[in-house]
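Student: This one is work.txt, compact mmCIF, C-alpha atoms.
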# COMPACT_ATOMS: atom_id res chain seq x y z
CA MET X 1 -53.81 -4.94 -2.10
CA LYS X 2 -50.24 -4.98 -3.43
CA ASN X 3 -49.61 -8.51 -2.09
CA ASN X 4 -52.93 -9.73 -3.55
CA LEU X 5 -51.95 -8.41 -7.00
CA ILE X 6 -48.56 -10.10 -6.72
CA LEU X 7 -50.24 -13.37 -5.76
CA LEU X 8 -52.70 -13.12 -8.67
CA LEU X 9 -49.86 -12.49 -11.11
CA LEU X 10 -47.86 -15.43 -9.81
CA LEU X 11 -50.86 -17.73 -9.91
CA THR X 12 -51.51 -16.66 -13.51
CA LEU X 13 -47.92 -17.32 -14.49
CA GLY X 14 -47.95 -20.68 -12.76
CA PHE X 15 -44.76 -19.68 -10.90
CA SER X 16 -42.80 -20.85 -13.95
CA SER X 17 -40.03 -18.31 -13.71
CA LEU X 18 -40.14 -17.49 -10.01
CA GLN X 19 -40.19 -20.82 -8.19
CA ALA X 20 -36.49 -20.79 -7.45
CA GLN X 21 -36.43 -17.36 -5.84
CA GLU X 22 -38.52 -16.22 -2.90
CA ILE X 23 -40.17 -12.82 -2.79
CA PRO X 24 -37.94 -10.75 -0.47
CA LYS X 25 -38.86 -11.10 3.18
CA GLU X 26 -39.40 -7.38 3.68
CA GLU X 27 -41.99 -7.37 0.89
CA ARG X 28 -43.87 -10.42 2.15
CA LEU X 29 -43.93 -9.13 5.73
CA ALA X 30 -44.71 -5.49 4.96
CA TRP X 31 -48.41 -5.86 5.83
CA PHE X 32 -47.53 -7.79 8.99
CA LYS X 33 -45.16 -5.05 10.13
CA ASP X 34 -47.96 -2.49 9.72
CA ALA X 35 -50.80 -4.58 11.18
CA LYS X 36 -50.07 -4.29 14.93
CA LEU X 37 -53.12 -6.31 16.01
CA GLY X 38 -54.35 -9.78 15.15
CA ILE X 39 -56.88 -12.15 16.71
CA PHE X 40 -55.95 -15.74 17.58
CA ILE X 41 -58.86 -18.22 17.69
CA HIS X 42 -58.50 -21.46 19.65
CA TRP X 43 -61.57 -23.50 18.79
CA GLY X 44 -61.86 -27.25 19.09
CA ILE X 45 -63.52 -30.12 20.92
CA TYR X 46 -61.73 -29.14 24.15
CA SER X 47 -64.33 -26.36 24.51
CA VAL X 48 -67.04 -28.96 25.26
CA ASP X 49 -65.77 -29.86 28.73
CA GLY X 50 -63.69 -26.70 29.04
CA ILE X 51 -60.36 -28.46 29.55
CA ASP X 52 -56.84 -27.79 28.37
CA GLU X 53 -56.60 -28.26 24.63
CA SER X 54 -54.72 -31.51 23.87
CA TRP X 55 -52.47 -31.17 26.93
CA SER X 56 -55.14 -32.55 29.24
CA PHE X 57 -54.76 -36.08 27.87
CA PHE X 58 -51.06 -35.76 26.98
CA ASN X 59 -50.27 -34.93 30.63
CA GLY X 60 -52.55 -37.68 31.93
CA TYR X 61 -55.24 -35.50 33.51
CA ILE X 62 -57.83 -37.34 31.43
CA SER X 63 -57.70 -40.44 29.26
CA HIS X 64 -57.46 -40.04 25.52
CA GLU X 65 -60.71 -41.98 25.19
CA ASP X 66 -62.57 -39.59 27.50
CA TYR X 67 -61.00 -36.59 25.79
CA MET X 68 -62.30 -37.77 22.42
CA LYS X 69 -65.82 -38.22 23.80
CA GLN X 70 -66.06 -34.44 23.47
CA LEU X 71 -66.57 -34.97 19.73
CA ASN X 72 -70.15 -35.89 20.64
CA GLY X 73 -70.74 -32.46 22.21
CA PHE X 74 -69.00 -30.32 19.62
CA ASN X 75 -72.02 -29.22 17.59
CA ALA X 76 -71.19 -25.68 16.33
CA LYS X 77 -74.95 -25.01 16.16
CA LYS X 78 -74.48 -21.27 16.87
CA TYR X 79 -71.44 -20.85 14.64
CA GLU X 80 -71.78 -17.64 12.62
CA PRO X 81 -68.44 -16.98 10.92
CA LYS X 82 -69.68 -13.72 9.42
CA GLU X 83 -70.40 -12.41 12.92
CA TRP X 84 -66.95 -13.56 14.04
CA ALA X 85 -65.31 -11.71 11.16
CA GLU X 86 -67.34 -8.55 11.77
CA LEU X 87 -66.37 -8.55 15.45
CA ILE X 88 -62.71 -9.11 14.61
CA LYS X 89 -62.84 -6.24 12.13
CA LYS X 90 -64.57 -4.05 14.72
CA SER X 91 -61.80 -4.74 17.24
CA GLY X 92 -59.29 -3.07 14.94
CA ALA X 93 -57.43 -6.29 14.14
CA LYS X 94 -55.94 -6.63 10.67
CA TYR X 95 -55.60 -10.42 10.63
CA ALA X 96 -57.05 -13.54 12.23
CA VAL X 97 -55.43 -16.92 12.91
CA LEU X 98 -57.64 -20.01 13.41
CA THR X 99 -56.55 -23.35 14.89
CA THR X 100 -57.25 -25.59 11.91
CA LYS X 101 -55.82 -28.52 13.90
CA HIS X 102 -54.37 -28.61 17.42
CA HIS X 103 -52.11 -31.29 18.93
CA ASP X 104 -55.14 -33.56 19.44
CA GLY X 105 -55.29 -34.08 15.67
CA VAL X 106 -58.93 -33.01 15.23
CA ALA X 107 -59.19 -31.08 11.95
CA LEU X 108 -61.80 -28.33 11.54
CA TRP X 109 -62.16 -29.06 7.83
CA ASP X 110 -63.24 -32.05 5.76
CA SER X 111 -59.80 -33.60 5.56
CA LYS X 112 -59.39 -36.46 3.13
CA ALA X 113 -55.94 -37.28 4.51
CA GLY X 114 -57.56 -38.75 7.64
CA ASP X 115 -61.00 -39.16 9.19
CA LEU X 116 -60.28 -37.44 12.53
CA ASN X 117 -62.12 -34.28 11.57
CA VAL X 118 -65.28 -32.45 12.62
CA VAL X 119 -67.18 -33.57 9.51
CA ASP X 120 -66.66 -37.32 9.98
CA LYS X 121 -66.42 -37.56 13.77
CA SER X 122 -68.13 -34.64 15.55
CA LYS X 123 -71.71 -33.57 16.14
CA ALA X 124 -71.03 -30.53 13.92
CA LYS X 125 -71.04 -32.72 10.79
CA LYS X 126 -69.81 -29.86 8.61
CA ASP X 127 -66.67 -28.16 7.39
CA LEU X 128 -66.02 -25.21 9.73
CA LEU X 129 -63.00 -23.82 7.93
CA LYS X 130 -64.38 -22.95 4.50
CA PRO X 131 -67.05 -20.46 5.70
CA PHE X 132 -64.52 -18.89 8.07
CA VAL X 133 -62.14 -18.26 5.18
CA SER X 134 -64.90 -16.62 3.14
CA ALA X 135 -66.02 -14.42 6.05
CA ILE X 136 -62.50 -13.23 6.85
CA ARG X 137 -61.81 -12.44 3.20
CA GLU X 138 -65.09 -10.52 2.90
CA GLN X 139 -64.01 -8.23 5.74
CA GLY X 140 -60.70 -7.50 4.02
CA LEU X 141 -58.70 -9.17 6.80
CA LYS X 142 -55.56 -11.22 6.34
CA LEU X 143 -56.08 -14.96 6.81
CA GLY X 144 -53.92 -17.08 9.11
CA PHE X 145 -53.91 -20.85 9.71
CA TYR X 146 -52.59 -22.44 12.91
CA TYR X 147 -51.42 -26.01 12.28
CA SER X 148 -49.88 -28.45 14.73
CA LEU X 149 -46.97 -30.35 13.25
CA LEU X 150 -47.20 -33.02 15.94
CA ASP X 151 -50.35 -35.11 16.30
CA TRP X 152 -50.67 -37.08 19.53
CA SER X 153 -53.71 -38.97 18.18
CA HIS X 154 -52.25 -40.19 14.91
CA PRO X 155 -51.35 -43.90 14.93
CA ASN X 156 -48.07 -43.23 13.13
CA TYR X 157 -46.88 -40.39 15.36
CA PRO X 158 -44.33 -41.71 17.93
CA ASN X 159 -45.57 -39.86 21.04
CA ALA X 160 -49.04 -40.60 22.41
CA THR X 161 -48.73 -39.05 25.89
CA ARG X 162 -45.93 -37.73 28.06
CA GLU X 163 -45.40 -41.25 29.40
CA GLN X 164 -46.47 -43.42 26.48
CA LYS X 165 -44.78 -43.88 23.11
CA ARG X 166 -46.06 -45.82 20.14
CA TYR X 167 -42.52 -46.52 18.97
CA GLU X 168 -38.95 -45.27 19.35
CA GLU X 169 -37.57 -45.74 15.86
CA ASP X 170 -39.59 -46.85 12.89
CA ALA X 171 -38.68 -45.08 9.65
CA LYS X 172 -41.61 -46.55 7.73
CA ARG X 173 -44.23 -45.34 10.21
CA TRP X 174 -42.55 -41.95 10.58
CA ASN X 175 -42.45 -41.41 6.83
CA GLN X 176 -46.13 -42.31 6.64
CA PHE X 177 -46.84 -39.64 9.25
CA VAL X 178 -44.78 -37.06 7.35
CA ASP X 179 -46.75 -37.90 4.20
CA PHE X 180 -49.96 -37.37 6.19
CA ASN X 181 -48.77 -33.93 7.33
CA PHE X 182 -47.93 -32.90 3.78
CA ALA X 183 -51.29 -34.18 2.55
CA GLN X 184 -53.15 -32.05 5.08
CA LEU X 185 -51.01 -29.00 4.32
CA ASP X 186 -51.80 -29.47 0.63
CA GLU X 187 -55.50 -29.45 1.48
CA LEU X 188 -55.10 -26.20 3.40
CA ASN X 189 -52.96 -24.68 0.67
CA GLN X 190 -56.04 -24.41 -1.56
CA TYR X 191 -57.12 -21.40 0.54
CA HIS X 192 -53.81 -19.58 0.01
CA PRO X 193 -53.53 -18.23 3.59
CA ASP X 194 -51.57 -15.03 4.14
CA LEU X 195 -49.96 -16.49 7.26
CA TRP X 196 -48.99 -19.91 8.62
CA TRP X 197 -48.79 -20.33 12.39
CA PHE X 198 -47.04 -23.63 13.15
CA ASP X 199 -46.81 -25.20 16.59
CA GLY X 200 -45.41 -28.37 18.14
CA ASP X 201 -42.08 -28.33 16.34
CA TRP X 202 -40.11 -28.95 19.55
CA GLU X 203 -40.60 -32.72 19.53
CA GLN X 204 -38.64 -33.37 16.32
CA SER X 205 -35.76 -31.89 14.34
CA ALA X 206 -36.05 -29.82 11.19
CA GLU X 207 -34.78 -32.77 9.20
CA MET X 208 -37.42 -35.10 10.68
CA TRP X 209 -40.24 -32.65 9.99
CA LYS X 210 -38.78 -31.91 6.54
CA ALA X 211 -39.18 -28.26 7.51
CA LYS X 212 -37.26 -27.00 4.49
CA ASP X 213 -39.63 -28.88 2.18
CA ILE X 214 -42.66 -27.63 4.11
CA ARG X 215 -41.53 -24.05 3.64
CA ALA X 216 -40.88 -24.60 -0.05
CA SER X 217 -44.30 -26.18 -0.61
CA LEU X 218 -46.13 -23.37 1.18
CA LEU X 219 -44.32 -20.65 -0.73
CA LYS X 220 -44.84 -22.50 -4.00
CA ALA X 221 -48.59 -22.55 -3.37
CA THR X 222 -48.71 -18.98 -2.07
CA PRO X 223 -45.53 -16.98 -2.77
CA THR X 224 -46.70 -14.04 -0.63
CA THR X 225 -47.44 -16.07 2.50
CA ILE X 226 -45.47 -15.64 5.73
CA ILE X 227 -44.51 -18.28 8.30
CA ASN X 228 -44.01 -18.02 12.04
CA SER X 229 -40.82 -19.10 13.78
CA ARG X 230 -42.07 -22.50 15.00
CA LEU X 231 -40.78 -24.42 12.01
CA GLN X 232 -37.33 -25.31 13.33
CA GLY X 233 -35.48 -22.36 11.81
CA TYR X 234 -37.49 -22.04 8.60
CA GLY X 235 -39.89 -19.29 9.69
CA ASP X 236 -40.04 -15.55 9.08
CA TYR X 237 -41.01 -13.97 12.39
CA ALA X 238 -40.75 -14.56 16.14
CA THR X 239 -43.66 -15.53 18.40
CA PRO X 240 -43.07 -14.76 22.10
CA GLU X 241 -45.91 -16.21 24.16
CA GLN X 242 -47.96 -14.89 27.10
CA GLY X 243 -45.22 -12.70 28.63
CA VAL X 244 -44.83 -9.17 27.24
CA PRO X 245 -41.12 -8.79 26.29
CA VAL X 246 -39.20 -6.68 28.78
CA TYR X 247 -36.80 -5.63 26.06
CA PRO X 248 -37.53 -5.41 22.33
CA PRO X 249 -36.91 -8.81 20.66
CA HIS X 250 -33.87 -9.07 18.40
CA ASP X 251 -36.10 -10.09 15.49
CA GLU X 252 -37.34 -7.18 13.40
CA TYR X 253 -40.65 -8.99 12.86
CA TRP X 254 -42.51 -10.40 15.87
CA GLU X 255 -45.86 -10.77 17.57
CA LEU X 256 -46.83 -11.53 21.15
CA CYS X 257 -49.53 -14.19 21.39
CA MET X 258 -51.55 -13.78 24.57
CA THR X 259 -54.79 -14.98 26.13
CA MET X 260 -57.57 -12.73 27.47
CA ASN X 261 -57.80 -14.83 30.63
CA ASN X 262 -55.51 -17.76 31.50
CA SER X 263 -56.74 -20.20 28.85
CA TRP X 264 -56.38 -20.51 25.09
CA GLY X 265 -59.56 -22.45 24.48
CA PHE X 266 -62.91 -21.86 26.19
CA GLN X 267 -62.95 -22.96 29.81
CA HIS X 268 -66.14 -22.54 31.82
CA ASN X 269 -64.36 -21.90 35.11
CA ASP X 270 -61.73 -19.43 33.91
CA LYS X 271 -63.14 -16.01 34.74
CA GLU X 272 -59.73 -14.41 35.32
CA TYR X 273 -60.04 -11.99 32.42
CA LYS X 274 -57.66 -9.12 31.92
CA THR X 275 -59.46 -5.80 31.81
CA SER X 276 -59.90 -3.97 28.53
CA ASN X 277 -57.60 -1.28 29.87
CA GLN X 278 -54.87 -3.82 30.61
CA ILE X 279 -55.14 -5.32 27.13
CA ILE X 280 -55.02 -1.90 25.46
CA ARG X 281 -51.88 -1.12 27.46
CA ILE X 282 -50.35 -4.46 26.44
CA LEU X 283 -51.07 -3.58 22.80
CA VAL X 284 -49.41 -0.19 23.30
CA ASP X 285 -46.40 -1.91 24.86
CA CYS X 286 -46.02 -4.13 21.77
CA ILE X 287 -46.45 -1.19 19.38
CA SER X 288 -43.79 0.80 21.22
CA MET X 289 -41.30 -2.05 20.69
CA GLY X 290 -42.17 -2.42 17.01
CA GLY X 291 -44.20 -5.63 17.32
CA ASN X 292 -47.75 -6.95 17.08
CA LEU X 293 -50.23 -8.34 19.59
CA LEU X 294 -52.03 -11.56 18.61
CA LEU X 295 -54.89 -11.58 21.12
CA ASP X 296 -56.64 -14.89 21.71
CA ILE X 297 -60.33 -15.74 21.94
CA GLY X 298 -61.83 -19.15 22.72
CA PRO X 299 -65.32 -19.77 21.30
CA LYS X 300 -67.68 -22.21 22.99
CA ALA X 301 -68.51 -25.64 21.56
CA ASP X 302 -71.64 -24.25 19.92
CA GLY X 303 -69.58 -21.60 18.08
CA SER X 304 -70.68 -18.61 20.13
CA ILE X 305 -68.07 -16.25 21.55
CA PRO X 306 -68.26 -15.69 25.34
CA LYS X 307 -69.79 -12.33 26.27
CA GLU X 308 -66.68 -11.33 28.26
CA GLN X 309 -64.55 -11.74 25.14
CA VAL X 310 -67.01 -9.86 22.96
CA ALA X 311 -66.96 -6.95 25.42
CA ILE X 312 -63.16 -6.80 25.40
CA LEU X 313 -63.02 -6.81 21.59
CA GLU X 314 -65.60 -4.03 21.42
CA ASP X 315 -63.71 -1.94 23.99
CA LEU X 316 -60.52 -2.54 22.07
CA GLY X 317 -62.28 -1.42 18.90
CA ARG X 318 -63.33 1.86 20.50
CA TRP X 319 -59.70 2.67 21.28
CA THR X 320 -58.16 1.45 18.01
CA ASN X 321 -60.74 3.26 15.89
CA LYS X 322 -60.08 6.52 17.71
CA HIS X 323 -56.29 6.22 17.50
CA GLU X 324 -55.78 4.39 14.18
CA LYS X 325 -53.30 6.94 12.85
CA ALA X 326 -51.03 6.28 15.84
CA ILE X 327 -51.27 2.49 15.56
CA TYR X 328 -51.11 1.03 12.06
CA GLY X 329 -47.93 1.47 10.09
CA THR X 330 -45.99 2.89 13.04
CA ARG X 331 -42.48 1.90 13.99
CA LYS X 332 -40.63 1.32 17.25
CA GLY X 333 -40.49 4.38 19.47
CA ILE X 334 -37.66 6.25 21.16
CA PRO X 335 -35.72 4.98 24.21
CA LYS X 336 -37.44 5.47 27.56
CA GLU X 337 -34.52 7.61 28.71
CA HIS X 338 -36.02 10.32 26.51
CA PHE X 339 -39.67 9.85 27.52
CA ASN X 340 -40.85 8.03 30.60
CA GLY X 341 -43.51 6.00 28.81
CA TYR X 342 -44.49 4.26 25.60
CA THR X 343 -43.81 5.87 22.22
CA ALA X 344 -43.91 5.09 18.50
CA LEU X 345 -42.80 6.82 15.32
CA SER X 346 -44.44 7.31 11.95
CA LYS X 347 -42.77 5.46 9.08
CA ASP X 348 -40.86 8.58 8.02
CA LYS X 349 -39.97 9.24 11.69
CA THR X 350 -41.28 12.80 11.57
CA ILE X 351 -44.19 12.22 13.97
CA LEU X 352 -43.50 11.06 17.51
CA TYR X 353 -46.48 9.46 19.24
CA LEU X 354 -46.66 9.52 23.03
CA TYR X 355 -48.92 6.98 24.74
CA VAL X 356 -50.04 8.27 28.13
CA ASP X 357 -51.51 5.38 30.13
CA ASN X 358 -51.95 7.24 33.42
CA LYS X 359 -53.30 10.63 34.40
CA PRO X 360 -50.27 12.95 34.45
CA ASN X 361 -49.60 15.05 37.56
CA GLY X 362 -48.18 17.80 35.39
CA PRO X 363 -46.84 18.44 31.90
CA LEU X 364 -45.33 15.53 29.95
CA LEU X 365 -41.55 15.68 29.63
CA ILE X 366 -39.35 14.75 26.65
CA LYS X 367 -35.57 14.93 27.13
CA GLY X 368 -32.84 15.15 24.54
CA LEU X 369 -35.00 15.97 21.51
CA LYS X 370 -32.92 18.03 19.09
CA ASN X 371 -35.74 18.67 16.61
CA LYS X 372 -37.84 21.79 16.49
CA ILE X 373 -41.55 21.24 17.09
CA ASN X 374 -43.98 22.12 14.29
CA ARG X 375 -47.19 21.11 16.03
CA ILE X 376 -48.53 18.97 18.88
CA TRP X 377 -52.07 17.59 19.05
CA VAL X 378 -54.25 14.95 20.68
CA VAL X 379 -54.83 11.98 18.38
CA GLY X 380 -58.51 11.23 17.95
CA ASN X 381 -59.86 14.73 18.49
CA GLY X 382 -57.24 17.02 16.98
CA THR X 383 -56.94 19.35 19.97
CA LYS X 384 -53.79 21.41 19.62
CA LEU X 385 -51.58 21.40 22.70
CA SER X 386 -49.16 24.00 23.96
CA HIS X 387 -45.57 23.20 24.81
CA LYS X 388 -42.59 24.88 26.39
CA VAL X 389 -38.83 24.30 26.21
CA VAL X 390 -37.03 24.89 29.51
CA GLY X 391 -33.29 25.12 30.16
CA LYS X 392 -32.02 25.46 26.60
CA GLN X 393 -28.86 27.60 26.52
CA TYR X 394 -28.11 29.37 23.25
CA TRP X 395 -24.43 28.49 23.48
CA SER X 396 -24.96 24.77 24.22
CA SER X 397 -25.76 21.85 21.92
CA VAL X 398 -27.66 20.16 24.73
CA PRO X 399 -31.43 20.32 24.06
CA GLY X 400 -33.69 21.81 26.66
CA LEU X 401 -36.49 20.01 28.45
CA LEU X 402 -39.67 19.86 26.37
CA TYR X 403 -42.86 20.11 28.45
CA ILE X 404 -46.31 19.42 27.00
CA ASP X 405 -49.53 20.34 28.77
CA VAL X 406 -52.30 17.71 28.56
CA PRO X 407 -55.57 19.12 29.95
CA GLU X 408 -57.78 16.59 31.72
CA GLU X 409 -60.70 17.15 29.33
CA VAL X 410 -58.73 15.75 26.34
CA GLN X 411 -57.51 12.62 28.11
CA ASP X 412 -58.76 9.20 26.98
CA LYS X 413 -60.22 6.90 29.64
CA ASP X 414 -57.72 4.17 28.74
CA VAL X 415 -54.64 5.55 26.97
CA THR X 416 -54.28 9.11 25.66
CA VAL X 417 -52.18 9.50 22.52
CA ILE X 418 -50.26 12.70 21.75
CA ALA X 419 -48.76 13.38 18.31
CA VAL X 420 -45.63 15.53 18.08
CA LEU X 421 -44.87 16.75 14.55
CA LEU X 422 -41.13 17.34 14.12
CA ASP X 423 -39.25 19.47 11.61
CA GLY X 424 -37.64 16.32 10.17
CA PRO X 425 -36.79 12.74 11.14
CA VAL X 426 -36.44 12.37 14.90
CA ASP X 427 -33.00 13.44 16.12
CA LEU X 428 -31.98 12.55 19.67
CA PHE X 429 -29.11 13.90 21.73
CA LYS X 430 -26.95 10.98 22.84
CA GLU X 431 -23.72 12.59 23.92
CA GLU X 432 -22.42 12.68 27.47
CA ILE X 433 -23.14 16.00 29.17
CA ARG X 434 -19.92 17.44 30.57
CA ALA X 435 -18.93 20.32 32.80
CA ILE X 436 -19.17 23.87 31.34
CA GLU X 437 -15.67 25.15 30.53
CA SER X 438 -16.62 28.22 28.54
CA ASN X 439 -19.81 30.19 27.82
Hey, can you dump this file as C-alpha cells for me?
Tutor:
Amino acid sequence: MKNNLILLLLLTLGFSSLQAQEIPKEERLAWFKDAKLGIFIHWGIYSVDGIDESWSFFNGYISHEDYMKQLNGFNAKKYEPKEWAELIKKSGAKYAVLTTKHHDGVALWDSKAGDLNVVDKSKAKKDLLKPFVSAIREQGLKLGFYYSLLDWSHPNYPNATREQKRYEEDAKRWNQFVDFNFAQLDELNQYHPDLWWFDGDWEQSAEMWKAKDIRASLLKATPTTIINSRLQGYGDYATPEQGVPVYPPHDEYWELCMTMNNSWGFQHNDKEYKTSNQIIRILVDCISMGGNLLLDIGPKADGSIPKEQVAILEDLGRWTNKHEKAIYGTRKGIPKEHFNGYTALSKDKTILYLYVDNKPNGPLLIKGLKNKINRIWVVGNGTKLSHKVVGKQYWSSVPGLLYIDVPEEVQDKDVTVIAVLLDGPVDLFKEEIRAIESN
C-alpha cells in the first residue's frame, strides 16, 4: 500500500523534482524482502509441442522454422487469468512473474514494435498480457514481467543459433535492435510492473545493451519498481537458479527461481515433479537464509494449468495459510550451530521460529541462547509447549541447553513451526568455552 501511494504521488507530480534521485533501495525492496514466495509463469508457444523454450532451436534440436510452427497450435482457448490469479493467491504467493517474451522473441501482448506476437501470429489472436495484469492486480498481488534482452528470432540480433550468426559487427543493425528493445519495454512500461525479471544478458555487455539507460527508463516510468540482477550490474537483487544455496548468498535481497519438475515450460513427458513436501521444505530453506522462493509453473498451450501443478500450489497454500505469521516479514534465522535445523526471526528479532521438517525422536534442542524464554507455542494452532533448561550453572555465563517438547499430536504433516518468544532481541553465546578455573 505504501509503495502504491508513493507511485501515485510521483505519477501525479510527473517526476519533475525526483527524476534525478532514485527512491532508496531498501524502500523499493521492502515488500520483496517480506514476500518470501512468488510464482514464476513460463508460458509460450513451446508448450504446444512440449519442448525446451527457445533453447530447442538455438541448440539445433529442431529447426527454427519447425519451432515457429507451434504458433499455429498456441490457441489459449482455456486461458482464465482470473483463475490463475486466484490460484496464485491461494498458494500464499505475494507476487507473480510472467514471461512476456522469451528468447524466441514471441511477445504475449499486442506489440507494435514488431509483429512476432501472439495477436498477429498465433492461433490465440488476442493480447494475453492485459487481462493477466488486471487479474493479478485484483488479487492484491505484486506484478512482475520477465523480459528477454536477447531475441534469437529478430533479424537485427546478431546470434540466430549456437552455430549461426547473422553478423559479427554491424553498428547500424545492432542499434536498430536496441531501439526495438526499448520500444517494447516502453510498451510494457504502461502497466507499471512492480518487478522486472530480465534474462539473456550474458550475450552482450552492459554498454551494448545500454543497461544503464534501461534501468533509468524503467525507474522513470515506475519509480517504485525493482529489477533483478540479470541486467549486467544494473539490478537490485540476486537470482540463483534451480539449486538451493548451500550458504546464504552475499546479497541481502535474493530469490531462488526453481521448477516444480525439470522443465520451465509445459512438457508433456516431464512427470518428474517434486513432492509438495519437498517444495515446502525448499521454501523453508530459503526463508531461513533470508531469501524468497520463486516457484515456476508452466501452463499448457490452451492456457490451462496442469493438474499436478494445481495440486502442488493448493498443498503449498494449506501450509502457508496455517503458518503465515512465521513466513511473511521474517528475517534470516540463527546459525545451525545453535539449532540443528531451519530457523527464522521476526523483524524485531524477539521471536525465534523453529521449522521442524522431520518427526523428532525427543525434545528439540537450542544451544547458546542467552535470552530468557517468555513463551513457546505451535504456530497455526497456538498450543503452548513446555521447555526445560539443562546444565546451566549459576556461576557461569555459558547458557544451558534448552529443550522443547513437541508432542506428536501438534506436529504438521509437512513442516511443524514452533515460535519461541524471547525477553528481547535474540542474544547468542559466541565465546569459546574454556576449562573451569574457579567456581
Student: Hey, what's within 12 Å of X:Glu408 if we count only C-alpha atoms and toss same-chain stuff fewer than 6 positions away? As a list of chain:residue names, please?
Tutor: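 Residues near the query, excluding close chain neighbours: X:Val356, X:Asn358, X:Lys359, X:Pro360, X:Asn361, X:Gly362, X:Pro363, X:Val378, X:Leu385, X:Thr416.
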Student: Select from stretch 321-421 of chain X every residue with an atom at most 8 Å from any atom of stretch 33-47 of chain X, then for each give the shortest pair of atoms and their distance in Å to one decimal, using all atoms listed in the file, rows by chain and rising number, as CSV.
Tutor:
residue,atom,partner,partner_atom,distance
X:Ile327,CA,X:Lys36,CA,6.9
X:Tyr328,CA,X:Asp34,CA,5.3
X:Gly329,CA,X:Asp34,CA,4.0
X:Thr330,CA,X:Asp34,CA,6.6
Student: Would you list the contacts of X:Arg331 as an mmCIF file with C-alpha atoms, in the frame of the given file, taking every protein, DNA or RNA residue within 6 Å and counting only C-alpha atoms, but skipping same-chain residues closer than 3 positions in sequence?
Tutor:
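So part.cif came out as:
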data_model
loop_
_atom_site.group_PDB
_atom_site.id
_atom_site.type_symbol
_atom_site.label_atom_id
_atom_site.label_comp_id
_atom_site.auth_asym_id
_atom_site.auth_seq_id
_atom_site.Cartn_x
_atom_site.Cartn_y
_atom_site.Cartn_z
ATOM 1 C CA GLY X 290 -42.170 -2.420 17.010
ATOM 2 C CA ALA X 344 -43.910 5.090 18.500
ATOM 3 C CA LEU X 345 -42.800 6.820 15.320
#
Student: Measuring between all atoms listed in the file, which one of X:Ala113, X:Val48, X:Leu402, X:Ile226 shows the shortest distance to X:His387?
Tutor: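 Closest to X:His387, using all atoms listed in the file: X:Leu402.
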Student: With a distance cut-off of 9 Å and all atoms listed in the file, select the neighbouring residues of X:Pro245, excluding the residue or stretch itself and same-chain residues fewer than 3 positions from it, and output the selection as a ChimeraX atom specification.
Tutor: /X:240,248-249,256,285-286,289
Student: Report, in Å with one decimal, the straight-line distance from atom CA of X:Ser217 to atom CA of X:Gly233.
Tutor: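 Value for the atom CA of X:Ser217-atom CA of X:Gly233 distance: 15.7 Å.
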Student: Of the residues X:Ile136, X:Leu313, X:Ile334, X:Leu401, which is the one nearest to X:Asp194, using all atoms listed in the file?
Tutor: X:Ile136
Student: Rounded to one decimal place, report the atom CA of X:Tyr355-atom CA of X:Asp412 distance in Å.
Tutor: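 Interatomic distance, atom CA of X:Tyr355 to atom CA of X:Asp412: 10.3 Å.
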Student: Separation of atom CA of X:Asn159 and atom CA of X:Asn59, in Å?
Tutor: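 Distance reported for this atom pair: 11.8 Å.
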Student: For X:Ala206, work out the shell of residues within 10 Å, counting all atoms listed in the file and skipping chain neighbours fewer than 6 positions away, then give it as a PyMOL selection string.
Tutor: chain X and resi 212-214+231-234
Student: Please provide as an MDAnalysis selection string all residues within 8 Å of X:Leu71, with the sequence filter that same-chain residues fewer than 2 positions apart are discarded (counting all atoms listed in the file).
Tutor: chainID X and resid 45 68:69 73:74 118 121:123
Student: Produce a file of the selected residues containing C-alpha atoms, as a compact mmCIF listing (two decimals), keeping the file's coordinate frame.
Tutor:
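Written out: result05.txt:
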# COMPACT_ATOMS: atom_id res chain seq x y z
CA ILE X 45 -63.52 -30.12 20.92
CA MET X 68 -62.30 -37.77 22.42
CA LYS X 69 -65.82 -38.22 23.80
CA GLY X 73 -70.74 -32.46 22.21
CA PHE X 74 -69.00 -30.32 19.62
CA VAL X 118 -65.28 -32.45 12.62
CA LYS X 121 -66.42 -37.56 13.77
CA SER X 122 -68.13 -34.64 15.55
CA LYS X 123 -71.71 -33.57 16.14
Student: Nearest residue to X:Glu255 out of X:Gly243, X:Gly235, X:Gly424, X:Gly291, using only C-alpha atoms?
Tutor: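 Once distances to X:Glu255 are computed over only C-alpha atoms, the minimum belongs to X:Gly291.
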Student: Given 3 Å on each side, where is the centre and what are the edge lengths in Å to one decimal of the axis-aligned box enclosing the listed atoms of stretch 164-180 of chain X, as JSON?
Tutor:
{"center_x": -43.8, "center_y": -42.0, "center_z": 15.3, "size_x": 18.4, "size_y": 15.8, "size_z": 28.3}
Student: Distance table requested - stretch 233-271 of chain X against stretch 307-310 of chain X, cut-off 10 Å, all atoms listed in the file: one row per qualifying residue with the closest atom pair and its distance in Å to one decimal, ordered by chain and rising residue number, as a Markdown table.
Tutor:
| residue | atom | partner | partner_atom | distance |
| --- | --- | --- | --- | --- |
| X:Met260 | CA | X:Gln309 | CA | 7.4 |
| X:Asn261 | CA | X:Gln309 | CA | 9.2 |
| X:Lys271 | CA | X:Glu308 | CA | 8.7 |
Student: Produce a file of the selected residues containing C-alpha atoms, as a PDB file, in the coordinates of the input.
Tutor:
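Generated output (result-v4.pdb):
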ATOM      1  CA  MET X 260     -57.570 -12.730  27.470  1.00  0.00           C
ATOM      2  CA  ASN X 261     -57.800 -14.830  30.630  1.00  0.00           C
ATOM      3  CA  LYS X 271     -63.140 -16.010  34.740  1.00  0.00           C
TER       4      LYS X 271
END
